[in-house]
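The structure appears below as structure tokens.
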Amino acid sequence: MDLASRYKGVVGFVFGNENSGSSEDSYVERLLDRISNGVLAEDRRNAIADLQSIVAESGAGQLAFGAMGFPVLMGVLKEERDDVEMVRGALETLVSALTPIDHVKGPTNEVQPALMNTDLLSRESESISLLLSLLSEEDFYVRYYTLQILTVLLNNSPNRLQEAILSIPRGITRLMDMLMDREVIRNEALLLLTYLTREAEEIQKIVVFEGVFEKIFSIMKEEGGSEGGVVVQDCLELLNNLLRSNASNHVLLRETVGFDPLISILKIRGISYSFTQQKTINLLSALETINLLMMGGSESDPQKDSNKIANKTVLSQKKLLDHLLMLGVESQWAPVALRCSALRCIGDLVAGHSKNLDALSSKVLGEERQVEPALNSLLRIILRTSSMQEFIAADYVFKNFCEKNKDGQAMLASTLIPHPISMAAASLEEDVNMSFGSMLLRGLAMSESDGDLESCCRAASVLTHILKDNTQCKERVLQVELEASMPSLGAPELLLHRIVRYLAVATSMKNKDGKPGYSYIQPIILKLLITWLADCPSAVQCFLDSRPHLTYLLELVSATSSTVCVRGLAAVLLGECIIYNKSSENGKDSFTIADAISQKIGLTSYFLKFDEMQRSFIFSSVKPTQSHKPLTRSTAAIMTEIEDVNESDLTYQKSEDHPILTSICDAQFVSFVKSVEVNIRENIVDVYSRPKSDVAVVPADMEQKGGESDKEYIKRLKAFVETQCFEIQKLLGRNATLAEDLARTGHSQPELTAGSSSDRVQMETLRRDLQEASQRVEMLKAEKAKVESEALMYQNLAGKLESDLKSLSDAYNSLEQNNIQLEKEVKTLKSGGTSTSPDIEAIIAEAREEAQKESEAELNDLLVCLGQEQSKVEKLSARLSELGENVDQLLEGIGDDMGLPEGEDDEED
């Protein structure tokens with residue numbers, strides 16, 4: 001065995017202590033030498049005891065043992081089976097070497113010796129085989145320590161241990177035998193099997209064929225069922241591992257042991273029953289098993305559907321519904337998490353199963369005089385509970401009860417009759433004697449008295465399930481009238497109109513604490529109205545009978561204060577008023593609704609509401625099925641408390657994070673909204689592309705009727721033509737509006753029939769804009785060329801003026817030189833004596849004066865010309881700047897070669 005060399009190499013690489021001379025290394029080495037080469041058996045046993053002590057207390061001892069000790073102890077386990085005390089000591093030492101020392105706190109990034117020892121030992125399949133062989137030993141401690149070692153190896157290296165156990169003949173069988181051993185060993189073996197079966201399908205199959213179902217239920221019965229401790233929880237976790245993704249195991253359980261032992265765990269004895277935390281966990285685990293049986297297996301398993309029906313049928317025969325109702329409805333002293341789990345199981349039990357649906361609808365709860373239908377009790381939970389999760393769970397029952405159950409929906413809808421007693425003044429206790437429908441209507445109307453729409457939105461959610469996909473129920477409930485909230489208001493109010501009024505009130509309504517209203521009330525009411533108006537023209541007509549309804553809905557769609565979900569759902573409801581509108585009455589027909597959308601919202605903005613809603617978190621994160629985390633030892637304590645949440649704790653959560661919103665926007669509703677959206681787009685285009693049916697030319701209307709005079713006939717034809725022209729103008733206006741909106745956004749849906757026309761309009765607009773831009777560019781280019789030509793001309797003129805100025809300056813300089821020369825001659829003559837010649841100085845002064853006058857006149861003329869040209873240059877420069885040209889760059893270098901020499905400017909001045 002090369003275990004020693006492998007450990008030395010790894011330890012030396014990680015810790016760099018191959019040549020370490022520590023006392024622990026030398027001490028461990030001496031102990032191992034005594035164990036290997038000792039002569040006296042007692043001395044070897046003492047050495048193992050000392051080795052176990054130092055390994056259990058010192059991290060350095062664990063490290064030293066990992067480098068040298070495994071081969072020695074494995075040799076003891078293999079060759080000295082007869083010495084039970086030696087084997088015990090070796091196994092106990094291995095347990096200590098693999099167990100982290102709690103009081104040793106090193107750096108977080110440091111490799112722990114115990115974990116490294118576990119990793120390296122799990123690599124040796126021969127070591128695993130040797131340990132499994134020890135399970136057949138008679139000594140209790142040998143088997144116990146061996147199971148502990150295997151459990152530690154499984155926690156840290158599960159895949160390796162699973163592969164090693166599968167490769168060893170009868171490896172699983174030996175573990176299964178431990179389930180019938182003494183209690184301590186049985187519990188360790190049960191925990192080990194629970195870890196092994198979480199994901200390993202091969203191990204699951206072997207365990208099932210080894211008779212694990214019988215052994216699991218036998219252990220749970222011995223432990224006292226739901227009253228038992230953590231062992232019952234481990235048994236149920238093992239059972240759930242076997243059922244979660246294996247449909248064949250469902251069949252084996254159903255046809256061998258049956259469901260009776262499982263259902264017996266759910267039985268609650270006595271009325272005032274106490275629920276400890278462990279009992280709650282045990283019952284939650286049993287309910288998870290029930291849920292897995294009703295799922296029938298994994299989604300991809302072909303046996304899933306047949307298993308689901310068969311399991312539900314057997315569970316119904318075993319009276320499971322009674323036990324679930326006891327846990328979820330009648331045991332109000334039970335923890336909230338347990339009640340919610342039982343309610344969800346009731347919903348799954350009745351979903352798509354006719355016998356269970358009939359059983360729930362006819363079930364009566366209570367004793368003696370205090371009896372009432374189970375559905376009434378469920379409705380009371382919805383209306384009264386302070387736990388949001390319990391409301392969601394009870395609502396889930398009604399959702400599954402009404403799904404594709406027209407008889408059940410009709411039965412509930414038939415009870416929707418207002419109670420004769422004033423519902424606003426009745427106490428809560430009086431609802432025991434009410435029918436289901438009266439209690440539901442009372443929940444809808446209670447908001448008038450207590451100023452809170454919470455009960456209204458909960459009742460509205462139940463009413464949504466009753467009306468879904470059932471035209472008869474929708475028509476029936478349309479006739480329901482509620483008494484006026486105030487006697488002075490007169491006639492009763494239709495239920496539909498009351499619900500719309502509550503939708504408007506929800507915007508400003510505050511909850512019981514005076515804080516802003518809940519974010520889910522409007523979405524729930526909108527979902528009810530969308531479900532009600534879907535494929536029901538009479539409901540659309542009833543909705544539009546009140547003109548403020550349409551006005552408010554248009555405002556709600558465009559309200560920036562509303563959430564994305566509310567605006568999107570309001571847009572869907574508004575679209576249903578078009579696609580399900582069969583009215584020909586002016587002001588209520590689909591043409592009028594489409595015109596109102598176009599004028600008040602705009603088609604672009606209206607269609608954008610659908611896109612925003614589809615991209616929102618609620619719609620984009622919807623999952624087809626509900627997924628629950630498996631209940632394990634690590635999550636059990638959290639699961640018993642996580643769902644016990646009051647609504648007040650979630651008041652300020654973001655609307656997208658609210659659990660009620662995620663429950664009402666399930667996969668079915670999201671799919672329905674998407675299909676309705678497509679129909680809305682198609683119908684709006686259809687409205688804009690065809691005239692009204694009553695405007696069509698009917699040949700009979702064009703003929704003169706009998707007894708009708710020519711004047712009356714001409715008058716009737718004229719009125720007909722005027723009406724037709726008016727409708728044509730309206731149609732042209734609609735088409736222009738539609739084309740304008742679609743061209744502005746460039747938004748064309750592939751499913752719309754007018755998609756190609758929208759593309760043509762957009763392309764024509766773009767072509768026209770491009771042509772205008774091209775013409776503008778050509779005009780600017782021509783103007784730029786003209787300005788550049790003028791700039792060149794003025795540049796040449798400026799050069800000529802510069803040349804003239806230089807010539808004038810040269811003449812002036814020459815004159816100055818002549819003047820100086822004459823002055824010198826005059827001085828010379830004066831120094832030579834008196835002369836009779838004319839007065840030279842007077843002549844010179846006169847000549848200088850004439851020359852100065854002449855030069856000043858020419859300079860003045862030149863300055864005037866320069867001023868005029870400078871004004872032109874400034875105007876030209878301003879024009880070039882407007883056209884984007886760099887004037888300084890154009891004038892750069894002009895006149896440099898013709899400029900005046902340095903110093904001449906000063907002389908000129």
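In the structure tokens, chains take the letters A, B, ... in the order shown, each chain's residues start at 1, and ligands count up from 1 in the order shown.
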
Long-range neighbours of stretch 138-153 of chain A as an MDAnalysis selection string, 10 Å cut-off, only C-alpha atoms, 6 positions minimum in chain: chainID A and resid 84:85 87:99 115 117:122 128 130:132 159:161 175 178 181:182 184:189 191:193 195:196

Filtered DSSP result for stretch 353-471 of chain A, state helix (DSSP H, G or I), as an MDAnalysis selection string: chainID A and resid 354:362 374:384 388:402 406:413 428:433 436:445 447:450 454:467 471

Length of the atom CA of A:Ala534 to atom CA of A:Leu574 vector [Å]: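 Distance between the two atoms: 11.2 Å.
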
For A:Leu283, the nearest of the candidates A:Leu453, A:Leu262, A:Ile392, A:Leu242, counting only C-alpha atoms: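 Of A:Leu453, A:Leu262, A:Ile392, A:Leu242, the one nearest A:Leu283, counting only C-alpha atoms, is A:Leu262.
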
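Residues of stretch 218-467 of chain A assigned to strand (DSSP E or B) by DSSP on this structure's backbone: Val364, Leu365, Gly366, Glu367, Gln370, Val371, Glu372, Pro373 and Ser387 of chain A.
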
Selection above as a file: all heavy atoms, as a JSON list (two decimals), in the first residue's frame:
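In the end it all went to part_9.json:
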```
[["chain", "number", "residue", "atom", "x", "y", "z"],
["A", 364, "VAL", "N", -68.55, 17.85, 5.30],
["A", 364, "VAL", "CA", -69.07, 18.71, 6.35],
["A", 364, "VAL", "C", -68.16, 18.59, 7.56],
["A", 364, "VAL", "O", -67.79, 17.48, 7.97],
["A", 364, "VAL", "CB", -70.51, 18.32, 6.73],
["A", 364, "VAL", "CG1", -71.02, 19.18, 7.88],
["A", 364, "VAL", "CG2", -71.43, 18.47, 5.52],
["A", 365, "LEU", "N", -67.83, 19.72, 8.16],
["A", 365, "LEU", "CA", -66.93, 19.75, 9.31],
["A", 365, "LEU", "C", -67.68, 20.19, 10.56],
["A", 365, "LEU", "O", -68.73, 20.83, 10.48],
["A", 365, "LEU", "CB", -65.76, 20.71, 9.06],
["A", 365, "LEU", "CG", -64.91, 20.46, 7.81],
["A", 365, "LEU", "CD1", -63.81, 21.50, 7.71],
["A", 365, "LEU", "CD2", -64.33, 19.07, 7.82],
["A", 366, "GLY", "N", -67.11, 19.85, 11.69],
["A", 366, "GLY", "CA", -67.72, 20.24, 12.96],
["A", 366, "GLY", "C", -68.43, 19.09, 13.64],
["A", 366, "GLY", "O", -68.46, 17.96, 13.14],
["A", 367, "GLU", "N", -69.01, 19.38, 14.79],
["A", 367, "GLU", "CA", -69.72, 18.38, 15.58],
["A", 367, "GLU", "C", -71.07, 18.92, 16.01],
["A", 367, "GLU", "O", -71.23, 20.10, 16.27],
["A", 367, "GLU", "CB", -68.89, 17.99, 16.82],
["A", 367, "GLU", "CG", -67.53, 17.36, 16.49],
["A", 367, "GLU", "CD", -66.73, 17.04, 17.73],
["A", 367, "GLU", "OE1", -67.24, 17.38, 18.83],
["A", 367, "GLU", "OE2", -65.64, 16.48, 17.61],
["A", 370, "GLN", "N", -72.80, 22.59, 15.52],
["A", 370, "GLN", "CA", -71.82, 23.46, 14.89],
["A", 370, "GLN", "C", -71.18, 22.77, 13.69],
["A", 370, "GLN", "O", -69.99, 22.44, 13.69],
["A", 370, "GLN", "CB", -70.75, 23.86, 15.91],
["A", 370, "GLN", "CG", -71.27, 24.65, 17.09],
["A", 370, "GLN", "CD", -71.79, 26.02, 16.68],
["A", 370, "GLN", "OE1", -71.28, 26.62, 15.75],
["A", 370, "GLN", "NE2", -72.80, 26.52, 17.38],
["A", 371, "VAL", "N", -71.97, 22.51, 12.69],
["A", 371, "VAL", "CA", -71.46, 21.88, 11.48],
["A", 371, "VAL", "C", -71.65, 22.84, 10.31],
["A", 371, "VAL", "O", -72.60, 23.64, 10.29],
["A", 371, "VAL", "CB", -72.17, 20.54, 11.18],
["A", 371, "VAL", "CG1", -71.87, 19.54, 12.28],
["A", 371, "VAL", "CG2", -73.67, 20.73, 11.03],
["A", 372, "GLU", "N", -70.76, 22.75, 9.35],
["A", 372, "GLU", "CA", -70.86, 23.56, 8.15],
["A", 372, "GLU", "C", -70.04, 22.90, 7.05],
["A", 372, "GLU", "O", -69.15, 22.09, 7.31],
["A", 372, "GLU", "CB", -70.35, 24.98, 8.40],
["A", 372, "GLU", "CG", -68.86, 25.07, 8.66],
["A", 372, "GLU", "CD", -68.39, 26.52, 8.74],
["A", 372, "GLU", "OE1", -69.16, 27.42, 8.40],
["A", 372, "GLU", "OE2", -67.22, 26.73, 9.12],
["A", 373, "PRO", "N", -70.34, 23.23, 5.79],
["A", 373, "PRO", "CA", -69.56, 22.65, 4.68],
["A", 373, "PRO", "C", -68.08, 23.02, 4.78],
["A", 373, "PRO", "O", -67.73, 24.11, 5.25],
["A", 373, "PRO", "CB", -70.22, 23.25, 3.44],
["A", 373, "PRO", "CG", -71.60, 23.62, 3.89],
["A", 373, "PRO", "CD", -71.47, 24.03, 5.32],
["A", 387, "SER", "N", -52.49, 35.57, 8.48],
["A", 387, "SER", "CA", -51.28, 35.08, 7.82],
["A", 387, "SER", "C", -51.47, 35.12, 6.31],
["A", 387, "SER", "O", -52.41, 34.53, 5.77],
["A", 387, "SER", "CB", -50.97, 33.64, 8.26],
["A", 387, "SER", "OG", -49.95, 33.09, 7.47]]
```

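Atom pair atom CA of A:Thr464 / atom CA of A:Phe401: separated by 12.2 Å.
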
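Interatomic distance, atom CA of A:Ile521 against atom CA of A:Glu475: 24.4 Å.
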
Option closest in space to A:Phe275, from A:Ala200, A:Ala337, A:Ala445, A:Ile664 [counting only C-alpha atoms]: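 Among the listed residues, A:Ala337 lies closest to A:Phe275.
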
Who sits within 9 Å of A:Val76, only C-alpha atoms, same chain under 5 positions skipped, as a PyMOL selection string: chain A and resi 35-36+71+81+86-87+90

Keeping only all heavy atoms, write those residues as a PDB file, in the first residue's frame.
```pdb
ATOM      1  N   ILE A  35       3.093   0.482  17.990  1.00  0.00           N
ATOM      2  CA  ILE A  35       1.938  -0.291  17.521  1.00  0.00           C
ATOM      3  C   ILE A  35       2.371  -1.327  16.499  1.00  0.00           C
ATOM      4  O   ILE A  35       1.897  -2.480  16.492  1.00  0.00           O
ATOM      5  CB  ILE A  35       0.878   0.661  16.919  1.00  0.00           C
ATOM      6  CG1 ILE A  35       0.335   1.599  17.999  1.00  0.00           C
ATOM      7  CG2 ILE A  35      -0.262  -0.126  16.282  1.00  0.00           C
ATOM      8  CD1 ILE A  35      -0.543   2.704  17.475  1.00  0.00           C
ATOM      9  N   SER A  36       3.302  -0.966  15.634  1.00  0.00           N
ATOM     10  CA  SER A  36       3.714  -1.882  14.559  1.00  0.00           C
ATOM     11  C   SER A  36       4.660  -2.974  15.058  1.00  0.00           C
ATOM     12  O   SER A  36       4.528  -4.144  14.696  1.00  0.00           O
ATOM     13  CB  SER A  36       4.387  -1.092  13.433  1.00  0.00           C
ATOM     14  OG  SER A  36       3.516  -0.133  12.907  1.00  0.00           O
ATOM     15  N   PRO A  71      -1.450   3.701   7.144  1.00  0.00           N
ATOM     16  CA  PRO A  71      -1.069   2.318   6.806  1.00  0.00           C
ATOM     17  C   PRO A  71      -0.972   1.415   8.032  1.00  0.00           C
ATOM     18  O   PRO A  71      -1.330   0.230   7.974  1.00  0.00           O
ATOM     19  CB  PRO A  71       0.280   2.485   6.126  1.00  0.00           C
ATOM     20  CG  PRO A  71       0.297   3.890   5.634  1.00  0.00           C
ATOM     21  CD  PRO A  71      -0.468   4.674   6.652  1.00  0.00           C
ATOM     22  N   ARG A  81      -8.111  -8.885  13.576  1.00  0.00           N
ATOM     23  CA  ARG A  81      -9.537  -8.858  13.871  1.00  0.00           C
ATOM     24  C   ARG A  81      -9.861  -9.537  15.215  1.00  0.00           C
ATOM     25  O   ARG A  81     -10.858  -9.206  15.849  1.00  0.00           O
ATOM     26  CB  ARG A  81     -10.313  -9.565  12.754  1.00  0.00           C
ATOM     27  CG  ARG A  81     -10.297  -8.862  11.413  1.00  0.00           C
ATOM     28  CD  ARG A  81     -11.210  -7.637  11.426  1.00  0.00           C
ATOM     29  NE  ARG A  81     -11.341  -7.052  10.102  1.00  0.00           N
ATOM     30  CZ  ARG A  81     -12.292  -7.355   9.236  1.00  0.00           C
ATOM     31  NH1 ARG A  81     -13.182  -8.254   9.543  1.00  0.00           N
ATOM     32  NH2 ARG A  81     -12.328  -6.758   8.063  1.00  0.00           N
ATOM     33  N   MET A  86      -7.969  -3.848  20.246  1.00  0.00           N
ATOM     34  CA  MET A  86      -7.084  -3.177  19.298  1.00  0.00           C
ATOM     35  C   MET A  86      -7.880  -2.580  18.129  1.00  0.00           C
ATOM     36  O   MET A  86      -7.629  -1.450  17.704  1.00  0.00           O
ATOM     37  CB  MET A  86      -6.047  -4.157  18.773  1.00  0.00           C
ATOM     38  CG  MET A  86      -4.918  -4.481  19.745  1.00  0.00           C
ATOM     39  SD  MET A  86      -3.692  -3.164  19.837  1.00  0.00           S
ATOM     40  CE  MET A  86      -2.949  -3.303  18.220  1.00  0.00           C
ATOM     41  N   VAL A  87      -8.842  -3.340  17.638  1.00  0.00           N
ATOM     42  CA  VAL A  87      -9.662  -2.857  16.519  1.00  0.00           C
ATOM     43  C   VAL A  87     -10.488  -1.654  16.955  1.00  0.00           C
ATOM     44  O   VAL A  87     -10.615  -0.660  16.222  1.00  0.00           O
ATOM     45  CB  VAL A  87     -10.553  -3.995  15.991  1.00  0.00           C
ATOM     46  CG1 VAL A  87     -11.522  -3.468  14.943  1.00  0.00           C
ATOM     47  CG2 VAL A  87      -9.703  -5.103  15.408  1.00  0.00           C
ATOM     48  N   ALA A  90      -8.197   1.346  17.135  1.00  0.00           N
ATOM     49  CA  ALA A  90      -7.823   1.829  15.803  1.00  0.00           C
ATOM     50  C   ALA A  90      -8.963   2.607  15.163  1.00  0.00           C
ATOM     51  O   ALA A  90      -8.749   3.680  14.560  1.00  0.00           O
ATOM     52  CB  ALA A  90      -7.408   0.642  14.927  1.00  0.00           C
TER      53      ALA A  90
END
```

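Among A:Ala667, A:Leu815, A:Leu801, A:Met294, the residue with the shortest atom-to-atom distance to A:Gln868, counting only C-alpha atoms, is A:Leu801.
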
Nearest to A:Cys536 by atom-to-atom distance, counting only C-alpha atoms, from A:Leu467, A:Cys665, A:Ala847, A:Val39: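 Once distances to A:Cys536 are computed over only C-alpha atoms, the minimum belongs to A:Leu467.
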